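Structure record follows, encoded as structure tokens.
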Amino acid sequence: MIYFDNAATTELNESVLDSYLQVSRKYYGNPSSLHSKGEEANSLLKQSRKQIASLMAVEPEEIFFTSGGTEGDNWAIKGTAIEKVEFGKHIISTVIEHPAVIKSLDQLEKLGWDVTYLSVDAEGRIDIEELKESIRKDTVLVSIMAVNNEMGSIQPLTEIGKVLEAYPTIHFHVDAVQAVGKLDLHLAESRIDIAVFSGHKFHAPKGTGFVYLKKGRQLAPLMSGGGQENGMRSGTENVPGNVALAKALRILLDQSAEKRRELNRLKRELTDYLSIFDKVTLFTPENSAPHIVCFGVHNIRGEIIVHALEKVGIFVSTTSACSSKRKTKTPTVQDMGYSKNEAESAVRISLSHYNTLEEVEQFKDVFNAVYHQMKEIE
Amino acid sequence: MEITEILVRYGELSTKGKNRKYFIKKLHGNVRLKLTAFKKINIVANRDRLHITLNGENGEAVMEELKDVFGISSFSPVIRVDKSVEEAKHAVVQLIKKQFKENMTFRINTKRADHDFEYDTNDLNRILGTEVERAVQPISVRMKEPDVDVRVEVRLDGIFISVETLSGAGGLPVGTAGKGMLMMSGGIDSPVAGYLSLKRGMEIEAVHFHSPPYTSPQALQKAIDLTSKLANYSGEITFIEVPFTEIQEAIKKQIPEDYAMTITRRMMLRITDKIRGKRSGLAIMNGESLGQVASQTLESMLAINEVTSTPILRPLISMDKTDIISVARKIDTFDLAIQPYEDCCTVFAPAKPKTKPKLKKVLEMEESLAIDQLISDTLSRLKIQTITRHDNSESTDQTTFDSLF
């Protein structure tokens with residue numbers, strides 16, 4: 001079995017699961033309780049936050065635990081909208097955002113907000129000039145993802161940050177779900193106000209995640225209640241999940257430069273190989289994230305390739321698992337200027353640092369066979 | 001460029017005449033204790049200075065530790081470069097640039113242990129001085145009291161340069177002034193009183209009154225955590241836990257409410273004084289600041305202090321609360337201290353304690369208490385432990401839970 005669908009979700013790391021189980025069994029207290037059972041759970045929670053903050057080179061007070069990327073994006077967008085409604089109702093985003101962003105913006109549009117969606121070029125990148133022109137007096141939020149989940153294209157966050165330096169009151173939200181471990185975000189020094197992370201994309205349990213909120217920035221909570229997470233996200237804390245999340249992040253970022261080099265090597269192997277087939281189009285641009293390769297075989301729908309590969313135990317994806325069954329937005333491939341037909345052929349391979357060169361070699365053989373089989377029926 | 005040595009200058013103790021040797025010896029010991037984690041360093045104490053040779057240990061980390069050692073007025077990192085004039089020029093310019101301010105003054109002060117080196121001291125002073133004037137502007141040479149004193153030493157194994165001078169903690173080496181008992185409540189004030197006592201060279205032992213179940217395990221832990229912060233300045237501190245429940249209950253039952261606070265304080269002082277006697281302390285310290293709360297009026301102090309003739313030192317007596325808080329922040333005890341756990345001073349606190357208690361009435365009321373019995377009973381149940389800067393809940397949790405992360 002070869003698992004090449006790590007942008008959809010990842011296998012839970014064994015030692016991370018160990019911590020999750022141990023904490024669930026032994027330290028099941030509620031961190032808010034006064035007794036020692038509560039105290040020890042609270043210590044674990046504090047240590048998780050501290051570890052994540054230190055790995056991200058930010059302050060522990062800037063880290064808020066959530067249930068994952070979708071919650072984080074919803075919170076960043078709706079929390080900003082609630083917080084800043086008096087200052088304006090205009091938001092800037094892009095056409096290639098994750099549905100968690102697009103759908104949150106849809107909801108706000110129905111409530112009277114105005115949203116400008118920036119287009120992307122053939123490389124899947126926004127145009128800085130278009131961003132500049134889109135900023136208005138009543139703009140309160142700019143929401144742009146770091147790494148696109150379908151293509152792996154990277155947005156020019158530093159340049160965007162520079163543009164926004166002149167507008168200190170605009171919140172800059174970055175969906176960093178696909179960027180963690182793949183890109184250095186330098187959160188503390190950057191203009192980024194809110195960054196959203198999800199645990200299950202890096203071998204932590206599902207239902208875990210965290211949001212970075214820069215000190216001094218205001219965000220209205222969406223979960224009201226017992227005042228957990230410094231009043232920003234009520235609900236009894238997921239202590240085992242958060243401990244597991246902190247551990248998974250440590251493992252991910254340990255020797256991350258080396259892991260990234262290795263990922264890039266695998267990606268290079270794949271793209272070099274795929275580009276020798278004349279009916280294969282590589283959608284993933286140069287200078288993209290090291291773990292995503294998106295391509296299509298001419299006139300063959302992506303899902304056919306997915307199922308053909310699955311038959312021999314190789315798991316890949318059409319673009320974005322979240323939308324692969326329910327069509328919620330146009331595929332990013334199409335936003336980049338390809339035809340609808342080409343977009344429908346898109347197949348995504350997404351790697352994790354646990355994948356190996358042998359797996360890539362195996363994939364090549366299998367793909368070669370599938371390709372020739374498809375060519376016949378085309 | 002790497003830091004290879006650190007030069008430590010003594011504080012006030014330089015003026016201590018005959019005791020000087022004793023002070024230097026204490027300081028040497030305290031520095032050694034503070035730097036035990038750095039296995040490879042070598043410390044030599046001279047008459048005027050302490051030389052720390054790093055032998056590969058991290059100089060920045062060592063200096064971070066030295067900042068908390070009392071009895072040090074200042075210290076300077078020494079940087080080694082290869083034995084070439086070009087290297088020395090480059091290093092001196094870089095180091096001056098790091099602390100450059102417009103129109104600052106400097107001097108170059110060269111010594112040469114390696115007399116075979118191609119330039120003599122005058123040459124080197126001139127070459128390096130000229131280079132600094134060329135590369136850093138505006139700056140000028142000044143031989144008397146310059147802003148920056150650049151010390152250059154040519155030895156057989158390289159050129160050693162020191163430019164930066166960092167302030168030390170000042171004060172006197174811990175332990176040179178004798179031992180006192182610190183009444184450690186768990187609030188903002190007592191750790192600051194402890195810090196200031198340490199700064200004047202005292203060794204301290206912390207006495208904490210614990211009244212379970214009226215006070216929580218967290219309140220006790222907080223007092224230990226605060227003591228651990230103070231241990232940063234003294235290596236280790238003896239922490240004495242006094243079981244105080246019976247006495248507080250007796251007072252609650254038998255003493256009119258408005259005098260309960262005064263009499264509670266008298267009991268605490270009596271017990272602390274007994275502990276002091278047993279453990280050869282010479283004084284008692286507390287965090288009282290005049291007029292801050294009911295127990296801290298002069299009338300209260302008179303009525304409470306009457307139980308002993310031992311010197312009661314009150315380092316904070318004339319400090320404003322804001323000043324106390326700023327010290328607490330500096331020594332990192334503030335955030336801990338403001339955690340809302342009740343201590344035994346607040347647990348039975350009457351709504352309206354007497355701010356001007358009368359000693360005569362106090363003495364009458366105390367007749368209903370079996371004071372000697374209560375005290376000897378309490379003293380037989382003391383819990384004594386040694387706290388280092390690592391003995392706090394955070395590091396304990398860290399080690400207990402480390403395997404999970």
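Residue numbering restarts at 1 in every chain; chains get A, B, ... in the order shown in the structure tokens, and ligands count up from 1 in that same order.
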
Could you make a table, as JSON lines, of the residues of chain B that have an atom within 7 Å of an atom of chain A, each with its nearest atom pair and distance in Å to one decimal, counting only C-alpha atoms, in chain and number order?
```
{"residue": "B:Asp397", "atom": "CA", "partner": "A:Ser43", "partner_atom": "CA", "distance": 6.7}
{"residue": "B:Leu404", "atom": "CA", "partner": "A:Ser19", "partner_atom": "CA", "distance": 5.1}
{"residue": "B:Phe405", "atom": "CA", "partner": "A:Lys247", "partner_atom": "CA", "distance": 4.7}
```

Tell me which protein, DNA and RNA residues are within 12 Å of B:Ala328, counting only C-alpha atoms, leaving out same-chain ones fewer than 3 positions away, and put them as a PDB file with N, CA and C atoms, in the first residue's frame.
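Listed below is the output, result19.pdb:
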```
ATOM      1  N   GLY B 187       2.437  36.098  48.622  1.00  0.00           N
ATOM      2  CA  GLY B 187       1.958  37.309  47.955  1.00  0.00           C
ATOM      3  C   GLY B 187       3.061  37.949  47.129  1.00  0.00           C
ATOM      4  N   ILE B 188       2.818  39.202  46.751  1.00  0.00           N
ATOM      5  CA  ILE B 188       3.790  39.910  45.922  1.00  0.00           C
ATOM      6  C   ILE B 188       4.992  40.359  46.752  1.00  0.00           C
ATOM      7  N   ASP B 189       4.731  40.736  48.029  1.00  0.00           N
ATOM      8  CA  ASP B 189       5.747  41.432  48.810  1.00  0.00           C
ATOM      9  C   ASP B 189       6.866  40.553  49.361  1.00  0.00           C
ATOM     10  N   SER B 190       6.494  39.390  49.942  1.00  0.00           N
ATOM     11  CA  SER B 190       7.541  38.639  50.634  1.00  0.00           C
ATOM     12  C   SER B 190       8.674  38.166  49.721  1.00  0.00           C
ATOM     13  N   PRO B 191       8.391  37.725  48.485  1.00  0.00           N
ATOM     14  CA  PRO B 191       9.533  37.364  47.629  1.00  0.00           C
ATOM     15  C   PRO B 191      10.445  38.561  47.347  1.00  0.00           C
ATOM     16  N   VAL B 192       9.855  39.748  47.214  1.00  0.00           N
ATOM     17  CA  VAL B 192      10.678  40.930  46.966  1.00  0.00           C
ATOM     18  C   VAL B 192      11.554  41.222  48.184  1.00  0.00           C
ATOM     19  N   ALA B 193      10.955  41.062  49.386  1.00  0.00           N
ATOM     20  CA  ALA B 193      11.736  41.250  50.616  1.00  0.00           C
ATOM     21  C   ALA B 193      12.883  40.240  50.655  1.00  0.00           C
ATOM     22  N   GLY B 194      12.602  39.021  50.214  1.00  0.00           N
ATOM     23  CA  GLY B 194      13.632  37.994  50.181  1.00  0.00           C
ATOM     24  C   GLY B 194      14.738  38.336  49.200  1.00  0.00           C
ATOM     25  N   TYR B 195      14.334  38.829  48.046  1.00  0.00           N
ATOM     26  CA  TYR B 195      15.303  39.212  47.012  1.00  0.00           C
ATOM     27  C   TYR B 195      16.234  40.314  47.521  1.00  0.00           C
ATOM     28  N   LEU B 196      15.630  41.331  48.167  1.00  0.00           N
ATOM     29  CA  LEU B 196      16.443  42.450  48.649  1.00  0.00           C
ATOM     30  C   LEU B 196      17.382  42.011  49.773  1.00  0.00           C
ATOM     31  N   LEU B 226       7.563  30.330  44.326  1.00  0.00           N
ATOM     32  CA  LEU B 226       8.168  31.643  44.553  1.00  0.00           C
ATOM     33  C   LEU B 226       9.562  31.483  45.155  1.00  0.00           C
ATOM     34  N   LYS B 229      12.012  30.681  42.590  1.00  0.00           N
ATOM     35  CA  LYS B 229      12.473  31.854  41.837  1.00  0.00           C
ATOM     36  C   LYS B 229      13.616  32.551  42.589  1.00  0.00           C
ATOM     37  N   LEU B 230      13.470  32.633  43.932  1.00  0.00           N
ATOM     38  CA  LEU B 230      14.528  33.281  44.715  1.00  0.00           C
ATOM     39  C   LEU B 230      15.809  32.460  44.702  1.00  0.00           C
ATOM     40  N   GLY B 287       7.639  41.062  54.394  1.00  0.00           N
ATOM     41  CA  GLY B 287       7.359  41.966  53.276  1.00  0.00           C
ATOM     42  C   GLY B 287       6.501  43.156  53.663  1.00  0.00           C
ATOM     43  N   LEU B 316      10.937  46.366  52.662  1.00  0.00           N
ATOM     44  CA  LEU B 316      10.008  47.131  51.814  1.00  0.00           C
ATOM     45  C   LEU B 316       9.331  48.273  52.560  1.00  0.00           C
ATOM     46  N   LYS B 321       3.767  50.607  46.514  1.00  0.00           N
ATOM     47  CA  LYS B 321       3.356  49.344  45.902  1.00  0.00           C
ATOM     48  C   LYS B 321       3.862  49.228  44.456  1.00  0.00           C
ATOM     49  N   THR B 322       3.813  50.323  43.721  1.00  0.00           N
ATOM     50  CA  THR B 322       4.229  50.247  42.305  1.00  0.00           C
ATOM     51  C   THR B 322       5.711  49.878  42.197  1.00  0.00           C
ATOM     52  N   ASP B 323       6.510  50.386  43.145  1.00  0.00           N
ATOM     53  CA  ASP B 323       7.939  50.058  43.107  1.00  0.00           C
ATOM     54  C   ASP B 323       8.157  48.592  43.450  1.00  0.00           C
ATOM     55  N   ILE B 324       7.360  48.114  44.418  1.00  0.00           N
ATOM     56  CA  ILE B 324       7.475  46.703  44.806  1.00  0.00           C
ATOM     57  C   ILE B 324       7.115  45.823  43.609  1.00  0.00           C
ATOM     58  N   ILE B 325       6.047  46.207  42.926  1.00  0.00           N
ATOM     59  CA  ILE B 325       5.611  45.417  41.766  1.00  0.00           C
ATOM     60  C   ILE B 325       6.675  45.418  40.675  1.00  0.00           C
ATOM     61  N   ILE B 331      12.135  40.165  38.963  1.00  0.00           N
ATOM     62  CA  ILE B 331      12.604  38.856  39.424  1.00  0.00           C
ATOM     63  C   ILE B 331      11.609  37.752  39.066  1.00  0.00           C
ATOM     64  N   ASP B 332      10.621  38.097  38.243  1.00  0.00           N
ATOM     65  CA  ASP B 332       9.698  37.118  37.684  1.00  0.00           C
ATOM     66  C   ASP B 332       8.845  36.400  38.735  1.00  0.00           C
ATOM     67  N   THR B 333       8.500  37.126  39.798  1.00  0.00           N
ATOM     68  CA  THR B 333       7.620  36.523  40.796  1.00  0.00           C
ATOM     69  C   THR B 333       6.206  37.082  40.719  1.00  0.00           C
ATOM     70  N   PHE B 334       6.030  38.159  39.956  1.00  0.00           N
ATOM     71  CA  PHE B 334       4.740  38.844  39.958  1.00  0.00           C
ATOM     72  C   PHE B 334       3.600  37.967  39.433  1.00  0.00           C
ATOM     73  N   ASP B 335       3.801  37.380  38.265  1.00  0.00           N
ATOM     74  CA  ASP B 335       2.723  36.581  37.658  1.00  0.00           C
ATOM     75  C   ASP B 335       2.328  35.399  38.534  1.00  0.00           C
ATOM     76  N   LEU B 336       3.321  34.815  39.203  1.00  0.00           N
ATOM     77  CA  LEU B 336       3.041  33.723  40.136  1.00  0.00           C
ATOM     78  C   LEU B 336       2.257  34.240  41.333  1.00  0.00           C
ATOM     79  N   ALA B 337       2.712  35.367  41.881  1.00  0.00           N
ATOM     80  CA  ALA B 337       2.156  35.875  43.125  1.00  0.00           C
ATOM     81  C   ALA B 337       0.696  36.276  42.996  1.00  0.00           C
ATOM     82  N   ILE B 338       0.300  36.711  41.816  1.00  0.00           N
ATOM     83  CA  ILE B 338      -1.077  37.185  41.690  1.00  0.00           C
ATOM     84  C   ILE B 338      -2.068  36.066  41.396  1.00  0.00           C
TER      85      ILE B 338
END
```

(message) Need the shell around A:Gln155: protein/DNA/RNA residues with any atom at most 12 Å away, counting only C-alpha atoms. Skip same-chain ones fewer than 2 positions apart. Format as a VMD selection string?
(response) chain A and resid 93 to 94 96 to 97 118 to 121 123 to 128 143 to 149 151 to 153 157 to 161 174 to 176 178 to 179 183 185 285 287 to 289

(request) Considering only C-alpha atoms, return as a PyMOL selection string whatever protein or nucleic-acid residues lie within 12 Å of B:Ile371, sequence-local ones (same chain, fewer than 3 positions apart) excluded. (result) chain B and resi 246-248+250-251+263-264+266-268+270-271+307+363+365-368+374-378

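The space between atom CA of A:Gly235 and atom CA of A:Arg217 spans 21.8 Å.
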
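Ranking B:Thr176, B:Ser234, B:Gln218, B:Gln137 by their shortest atom-to-atom distance to B:Ile96, with only C-alpha atoms included, puts B:Gln137 first.
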
(message) Using DSSP assignments from the backbone, pull out every residue in stretch 145-391 of chain B that falls under strand (DSSP E) and give it to me as number ranges by chain.
(response) B: 148-155, 158-162, 166-170, 179-183, 203-210, 236-243, 283-285, 312-313, 383-388

Mind writing the picked residues with N, CA and C atoms as a compact mmCIF listing (two decimals), in the first residue's frame?
```
# COMPACT_ATOMS: atom_id res chain seq x y z
N VAL B 148 33.85 53.85 25.52
CA VAL B 148 34.17 52.44 25.26
C VAL B 148 35.65 52.22 25.44
N ASP B 149 35.97 51.27 26.29
CA ASP B 149 37.36 50.94 26.55
C ASP B 149 37.65 49.62 25.84
N VAL B 150 38.44 49.69 24.79
CA VAL B 150 38.73 48.48 24.03
C VAL B 150 40.03 47.87 24.55
N ARG B 151 39.92 46.70 25.16
CA ARG B 151 41.13 46.06 25.70
C ARG B 151 41.57 44.95 24.74
N VAL B 152 42.83 45.04 24.33
CA VAL B 152 43.36 44.06 23.38
C VAL B 152 44.57 43.40 24.01
N GLU B 153 44.60 42.08 23.98
CA GLU B 153 45.74 41.38 24.56
C GLU B 153 46.27 40.37 23.54
N VAL B 154 47.55 40.51 23.20
CA VAL B 154 48.15 39.57 22.26
C VAL B 154 48.82 38.46 23.06
N ARG B 155 48.28 37.26 22.93
CA ARG B 155 48.89 36.12 23.63
C ARG B 155 49.41 35.14 22.58
N GLY B 158 46.53 33.66 20.33
CA GLY B 158 45.56 34.48 19.63
C GLY B 158 45.52 35.90 20.19
N ILE B 159 44.63 36.69 19.61
CA ILE B 159 44.44 38.05 20.12
C ILE B 159 43.10 38.09 20.84
N PHE B 160 43.11 38.58 22.08
CA PHE B 160 41.91 38.59 22.91
C PHE B 160 41.40 40.02 23.04
N ILE B 161 40.15 40.21 22.68
CA ILE B 161 39.59 41.56 22.63
C ILE B 161 38.34 41.65 23.49
N SER B 162 38.25 42.72 24.25
CA SER B 162 37.02 42.91 25.03
C SER B 162 36.59 44.35 24.92
N LEU B 166 28.98 44.75 30.67
CA LEU B 166 27.58 44.57 31.06
C LEU B 166 27.43 44.72 32.56
N SER B 167 26.31 45.31 32.98
CA SER B 167 26.10 45.51 34.41
C SER B 167 25.81 44.20 35.11
N GLY B 168 26.40 44.03 36.29
CA GLY B 168 26.08 42.88 37.12
C GLY B 168 24.92 43.22 38.04
N ALA B 169 24.61 42.31 38.96
CA ALA B 169 23.46 42.50 39.83
C ALA B 169 23.77 43.44 41.00
N GLY B 170 25.07 43.75 41.21
CA GLY B 170 25.43 44.59 42.35
C GLY B 170 25.28 43.85 43.66
N LYS B 179 22.60 34.64 58.28
CA LYS B 179 21.35 34.02 57.86
C LYS B 179 20.13 34.63 58.54
N GLY B 180 19.02 34.75 57.79
CA GLY B 180 17.78 35.22 58.38
C GLY B 180 16.61 34.40 57.88
N MET B 181 15.48 34.45 58.62
CA MET B 181 14.30 33.69 58.23
C MET B 181 13.32 34.63 57.52
N LEU B 182 12.94 34.25 56.31
CA LEU B 182 11.99 35.06 55.54
C LEU B 182 10.58 34.52 55.74
N MET B 183 9.67 35.35 56.20
CA MET B 183 8.27 34.93 56.32
C MET B 183 7.64 35.03 54.94
N GLU B 203 21.87 35.08 53.71
CA GLU B 203 21.37 33.78 53.31
C GLU B 203 19.96 33.70 53.89
N ILE B 204 19.00 33.20 53.14
CA ILE B 204 17.65 33.17 53.70
C ILE B 204 17.08 31.75 53.76
N GLU B 205 16.20 31.56 54.75
CA GLU B 205 15.39 30.35 54.81
C GLU B 205 13.94 30.82 54.81
N ALA B 206 13.11 30.16 53.99
CA ALA B 206 11.72 30.61 53.86
C ALA B 206 10.82 29.85 54.83
N VAL B 207 10.00 30.60 55.59
CA VAL B 207 9.05 29.98 56.51
C VAL B 207 7.65 30.25 55.97
N HIS B 208 6.91 29.16 55.72
CA HIS B 208 5.58 29.33 55.14
C HIS B 208 4.53 28.66 56.03
N PHE B 209 3.44 29.37 56.31
CA PHE B 209 2.37 28.83 57.15
C PHE B 209 1.27 28.27 56.27
N HIS B 210 0.92 27.01 56.56
CA HIS B 210 -0.01 26.28 55.70
C HIS B 210 -1.16 25.77 56.56
N GLU B 236 20.34 27.58 46.43
CA GLU B 236 19.25 26.82 47.03
C GLU B 236 18.73 27.53 48.26
N ILE B 237 17.50 27.21 48.65
CA ILE B 237 16.89 27.85 49.82
C ILE B 237 16.16 26.77 50.62
N THR B 238 16.34 26.80 51.93
CA THR B 238 15.61 25.88 52.79
C THR B 238 14.18 26.40 52.94
N PHE B 239 13.22 25.51 52.70
CA PHE B 239 11.81 25.89 52.78
C PHE B 239 11.18 25.16 53.95
N ILE B 240 10.63 25.91 54.88
CA ILE B 240 10.08 25.32 56.09
C ILE B 240 8.57 25.52 56.09
N GLU B 241 7.85 24.41 56.06
CA GLU B 241 6.40 24.46 56.02
C GLU B 241 5.87 24.27 57.44
N VAL B 242 5.09 25.24 57.92
CA VAL B 242 4.56 25.19 59.28
C VAL B 242 3.08 24.81 59.23
N PRO B 243 2.70 23.68 59.84
CA PRO B 243 1.28 23.31 59.84
C PRO B 243 0.54 24.22 60.82
N ALA B 283 18.14 37.00 62.18
CA ALA B 283 17.10 38.03 61.97
C ALA B 283 15.88 37.38 61.32
N ILE B 284 14.79 38.14 61.31
CA ILE B 284 13.58 37.70 60.62
C ILE B 284 13.21 38.79 59.60
N MET B 285 12.87 38.36 58.38
CA MET B 285 12.49 39.34 57.35
C MET B 285 11.04 39.10 56.96
N ILE B 312 13.64 42.44 63.41
CA ILE B 312 12.71 42.14 62.32
C ILE B 312 13.06 43.12 61.20
N LEU B 313 13.57 42.58 60.08
CA LEU B 313 13.96 43.45 58.98
C LEU B 313 12.80 43.56 58.00
N LYS B 383 7.79 20.69 58.32
CA LYS B 383 8.31 19.95 57.14
C LYS B 383 9.41 20.81 56.51
N ILE B 384 10.60 20.24 56.42
CA ILE B 384 11.72 21.04 55.91
C ILE B 384 12.26 20.44 54.62
N GLN B 385 12.39 21.26 53.60
CA GLN B 385 12.96 20.75 52.34
C GLN B 385 13.86 21.81 51.70
N THR B 386 14.70 21.35 50.79
CA THR B 386 15.61 22.26 50.11
C THR B 386 15.08 22.52 48.70
N ILE B 387 14.98 23.80 48.37
CA ILE B 387 14.43 24.17 47.07
C ILE B 387 15.53 24.77 46.20
N THR B 388 15.68 24.24 45.01
CA THR B 388 16.58 24.86 44.04
C THR B 388 15.73 25.56 42.99
```

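Proximity of B:Ile275, B:Ile317, B:Val132, B:Val81 to B:Ser289, computed with only C-alpha atoms, is greatest for B:Ile317.
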
(request) Mind checking which residues fall within 9 Å of A:Ser104, counting only C-alpha atoms, ignoring those fewer than 4 positions away in the same chain, and posting them as number ranges by chain? (result) A: 73-74, 77-78, 99-100, 108-109

(message) Between atom CA of B:Gly186 and atom CA of B:Glu299, what distance in Å does the model show, to one decimal?
(response) 24.1 Å

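Closest approach to A:Lys137 from the set A:Phe4, A:Phe87, A:Trp113, A:Phe172 is made by A:Phe87, with distances taken over only C-alpha atoms.
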